[in-house]
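J.: Got a structure for you, questions after.
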Amino acid sequence: MARVVILGAGVAGHTAALHLRRQIGKEHDAVVVSPNSKWNWIPSNIWVGVGQMTDKQVTFPLAPIYKRKNIEFHQALAVELHPEGGAELNNSYVKVRYTDPAKLNQETNLEYDFLINATGPKLNFGATPGLGPDGHTWSVCTAGHATETAKEFEKVLQNLKAGQRQTLLIGMGHGTCTCQGAAFEYTFNVEHEIRSAGVRDLAEIIYITNEERLGDFGMDGMNFGIQGNTISSEFFTQSLFQERGVKAILSAAVEKVEPGVAHYELIDGTKGMQNFDFAMLLPPFRGVDMKAFDKAGTDITDQVFAPSGFMKVDADYSAKPYEQWSPADWPKTYQSVKYDNIWAAGIAFAPPHQMSKPRTSPNGTAITPAPPRTGMPSGVIGRAVSQTIAERIKHGNAGKVHTASMAEMGAACIASAGKGWLDGQAASMTVYPIIPDKEKYGADGRDTNETYGEIGLSAHWMKHLLHYLFIYKAKARPFWYLIPE
Amino acid sequence: MSNVVTFPNAKLPTKRELRARTNLPYQLWRFVILNFKMIKMITKGHH
């Protein structure tokens, strides 16, 4: 009998758990540990954040699903990893601290034969003083955050309707943020709501970003092949900004937020400040605060995790200049560098480097988007890792190793620009491969036959369809496994 | 000096392009195309 523990129940962890349960016999245990009691379809949080959906529409309780699928569930936070066992247990184990109200703050040790670290990101609001719901800005990173943000946005709408001018600042709350796509979506949904309310002329909407140029999206930008022409994502994105009257502050690292004012540094080292009435600024991500110890109890966190807190896997982490970055640097199996029964899936793995060109201001401030690895890549990686473990359980070390390199993977992204069955808009973008490969595809780095962008109502329908489809899948309804990641 | 920028040189969509973005028959057609593009991309991403 084998026991597989999965840390995290987001896109990667939940996908891995469901697929694993299907692939291994009932004599084996699948165990999920997540500090959250609910699953959240995060891409729809932007609609919660403008009051177009409720948190109940984007979340559901995990426990009933896991009970039905015979998956052991612990609502708890993983705090210590003991891959070699230790003083308390001989076998590999992970120490968890319950967030379940019935056992709040109690700790227990969960033994494992195989472990998937799919803990996702820690929302590092603390990296920028004054950032976040406990500071002076709002967030859509969780359904709860988005609900609070919607209430504040409603106040802005009321002020606008009362004839008061309002400045809305949306974007990145730090120089190393990722998830530009989410901020982009929220910006245009806010703009859509304000325009629909008939008060657009009173609102100034400013997108603040660490991107060097619009359309970078943390992916070094991309070129779309559209009707025989090649159009840059910068050109594509600028057009939407100008059409909708959204302004931007580019190459900025927000360094402090005070009530109604964001202080930032630009890539040339100059400082600036932007007043606002409402701000939704995303935090940078880092790995969750989990420590690792060897058999003797010595702290080996730095051998298992990168300084960012993300887990080191089969990537090439050697420092090299941007010009020497290669698709081969990126991991394929997501197996830990130190232990062959541990994998990291989704955001939890440490990327070898960014995709966008690294840039630093004369003051030494890094102003570069971190590489995105949410959504589709997270799901695909979660599934591949679960398949590898199922093979190991069935065939030992002779089992097939499944791979899911982002350098050989495409991604589809639907960026909402306003919700409405008849007047909604979204930008539909596909990119292949996710990691640029300039040797194979030339200066573009991507296959322009497969990399594509289009704006329209149909993309909004697609975003809505995906909302229902992925929630259906995550609830493990009949034939859920036929829906791809 | 303000660091807030606009994009006056950006190509704006034509009236025809704007109409097409919300034209129901055309968008239904684009929805079908979009589905095919997504399926193709998903297929390439799954090994």
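Identifiers in this document derive from the order of the structure tokens: chains are assigned A, B, ..., residues are numbered from 1 separately in each chain, and ligands are numbered from 1 in order of occurrence.
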Provide as a list in words the residues of chain B at most 6 Å from chain A, counting only C-alpha atoms.
T.: Asn3, Val4, Val5, Thr6, Phe7, Ala10, Lys11, Leu12, Arg21, Thr22, Gln27, Phe31, Met41 and Gly45 of chain B
J.: Export C-alpha atoms of the chosen residues as a PDB file, in the first residue's frame?
T.:
```pdb
ATOM      1  CA  ASN B   3       4.734  59.460 -15.637  1.00  0.00           C
ATOM      2  CA  VAL B   4       1.235  58.537 -16.739  1.00  0.00           C
ATOM      3  CA  VAL B   5       1.230  57.778 -20.450  1.00  0.00           C
ATOM      4  CA  THR B   6      -1.356  57.299 -23.163  1.00  0.00           C
ATOM      5  CA  PHE B   7      -0.864  55.658 -26.538  1.00  0.00           C
ATOM      6  CA  ALA B  10      -1.939  53.034 -31.239  1.00  0.00           C
ATOM      7  CA  LYS B  11      -4.097  51.756 -34.059  1.00  0.00           C
ATOM      8  CA  LEU B  12      -7.718  52.076 -33.032  1.00  0.00           C
ATOM      9  CA  ARG B  21     -16.862  42.416 -32.161  1.00  0.00           C
ATOM     10  CA  THR B  22     -20.500  42.377 -31.076  1.00  0.00           C
ATOM     11  CA  GLN B  27     -19.368  36.152 -33.081  1.00  0.00           C
ATOM     12  CA  PHE B  31     -16.898  31.154 -31.085  1.00  0.00           C
ATOM     13  CA  MET B  41      -3.679  24.271 -28.297  1.00  0.00           C
ATOM     14  CA  GLY B  45      -0.015  20.922 -24.492  1.00  0.00           C
TER      15      GLY B  45
END
```
J.: From a DSSP calculation on the backbone, collect every residue of region 103-236 of chain A in helix (DSSP H, G or I) and output the set as a ChimeraX atom specification.
T.: /A:103,125-127,143-161,180-196,200-202,233-236
J.: Using the selection just defined, write its residues with C-alpha atoms as a PDB file, in the first residue's frame.
T.:
```
ATOM      1  CA  LYS A 103      -8.877  21.350  15.471  1.00  0.00           C
ATOM      2  CA  PHE A 125       1.682  41.803   0.607  1.00  0.00           C
ATOM      3  CA  GLY A 126       4.367  42.453   3.221  1.00  0.00           C
ATOM      4  CA  ALA A 127       6.957  43.087   0.490  1.00  0.00           C
ATOM      5  CA  ALA A 143     -12.697  35.187  -3.442  1.00  0.00           C
ATOM      6  CA  GLY A 144     -12.819  36.839  -0.013  1.00  0.00           C
ATOM      7  CA  HIS A 145     -10.534  39.647  -1.124  1.00  0.00           C
ATOM      8  CA  ALA A 146     -12.574  40.129  -4.287  1.00  0.00           C
ATOM      9  CA  THR A 147     -15.815  40.375  -2.322  1.00  0.00           C
ATOM     10  CA  GLU A 148     -14.381  43.167  -0.162  1.00  0.00           C
ATOM     11  CA  THR A 149     -12.969  44.855  -3.259  1.00  0.00           C
ATOM     12  CA  ALA A 150     -16.407  44.804  -4.898  1.00  0.00           C
ATOM     13  CA  LYS A 151     -17.894  46.665  -1.927  1.00  0.00           C
ATOM     14  CA  GLU A 152     -15.250  49.357  -2.195  1.00  0.00           C
ATOM     15  CA  PHE A 153     -15.680  49.561  -5.964  1.00  0.00           C
ATOM     16  CA  GLU A 154     -19.412  50.061  -5.443  1.00  0.00           C
ATOM     17  CA  LYS A 155     -18.602  53.115  -3.300  1.00  0.00           C
ATOM     18  CA  VAL A 156     -16.502  54.473  -6.168  1.00  0.00           C
ATOM     19  CA  LEU A 157     -19.413  53.956  -8.552  1.00  0.00           C
ATOM     20  CA  GLN A 158     -21.727  55.806  -6.165  1.00  0.00           C
ATOM     21  CA  ASN A 159     -19.251  58.679  -5.892  1.00  0.00           C
ATOM     22  CA  LEU A 160     -19.030  58.872  -9.675  1.00  0.00           C
ATOM     23  CA  LYS A 161     -22.810  58.862  -9.973  1.00  0.00           C
ATOM     24  CA  GLN A 180      -0.299  40.903 -15.227  1.00  0.00           C
ATOM     25  CA  GLY A 181      -3.164  39.209 -17.050  1.00  0.00           C
ATOM     26  CA  ALA A 182      -5.375  39.318 -13.955  1.00  0.00           C
ATOM     27  CA  ALA A 183      -4.675  43.018 -13.404  1.00  0.00           C
ATOM     28  CA  PHE A 184      -5.305  43.661 -17.094  1.00  0.00           C
ATOM     29  CA  GLU A 185      -8.663  41.884 -16.826  1.00  0.00           C
ATOM     30  CA  TYR A 186      -9.680  43.711 -13.694  1.00  0.00           C
ATOM     31  CA  THR A 187      -8.745  47.067 -15.274  1.00  0.00           C
ATOM     32  CA  PHE A 188     -11.021  46.544 -18.239  1.00  0.00           C
ATOM     33  CA  ASN A 189     -13.869  45.075 -16.225  1.00  0.00           C
ATOM     34  CA  VAL A 190     -13.762  48.150 -13.988  1.00  0.00           C
ATOM     35  CA  GLU A 191     -13.728  50.356 -17.084  1.00  0.00           C
ATOM     36  CA  HIS A 192     -16.657  48.406 -18.546  1.00  0.00           C
ATOM     37  CA  GLU A 193     -18.733  48.768 -15.372  1.00  0.00           C
ATOM     38  CA  ILE A 194     -18.030  52.484 -15.097  1.00  0.00           C
ATOM     39  CA  ARG A 195     -18.874  53.018 -18.760  1.00  0.00           C
ATOM     40  CA  SER A 196     -22.062  50.974 -18.405  1.00  0.00           C
ATOM     41  CA  ARG A 200     -16.907  57.128 -17.645  1.00  0.00           C
ATOM     42  CA  ASP A 201     -15.996  60.777 -18.214  1.00  0.00           C
ATOM     43  CA  LEU A 202     -15.550  61.322 -14.483  1.00  0.00           C
ATOM     44  CA  SER A 233       1.109  41.892 -28.192  1.00  0.00           C
ATOM     45  CA  GLU A 234       2.295  45.431 -27.373  1.00  0.00           C
ATOM     46  CA  PHE A 235       0.531  46.810 -30.453  1.00  0.00           C
ATOM     47  CA  PHE A 236      -2.542  44.686 -29.683  1.00  0.00           C
TER      48      PHE A 236
END
```
J.: Under the rule that only C-alpha atoms are counted, which of A:Val96, A:Met222, A:Pro371, A:Glu258 is the nearest residue to Gly130 (chain A)?
T.: A:Glu258
J.: Which value, in Å to one decimal, gives the distance between CA of Thr54 (chain A) and CA of His467 (chain A)?
T.: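 Spanning CA of Thr54 (chain A) to CA of His467 (chain A) is a straight-line distance of 13.2 Å.
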J.: Rounded to one decimal in Å, what is the spacing between CA of Asn341 (chain A) and CA of Asp113 (chain A)?
T.: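 For CA of Asn341 (chain A) relative to CA of Asp113 (chain A), the distance reads 6.9 Å.
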J.: Can you list, as a count of residues only, every protein, DNA or RNA residue that comes within 9 Å of Ser336 (chain A) when you count only C-alpha atoms, leaving out same-chain residues fewer than 3 positions away?
T.: 13
J.: Choose the residue, out of A:Phe217, A:Trp138, A:Trp325, A:Phe114, that has the smallest atom-to-atom separation from Cys177 (chain A); count only C-alpha atoms.
T.: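 Nearest to Cys177 (chain A): A:Phe217.
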J.: Which residues come within 9 Å of region 35-37 of chain A, counting only C-alpha atoms, excluding same-chain residues fewer than 3 positions away, as a count of residues only?
T.: 15
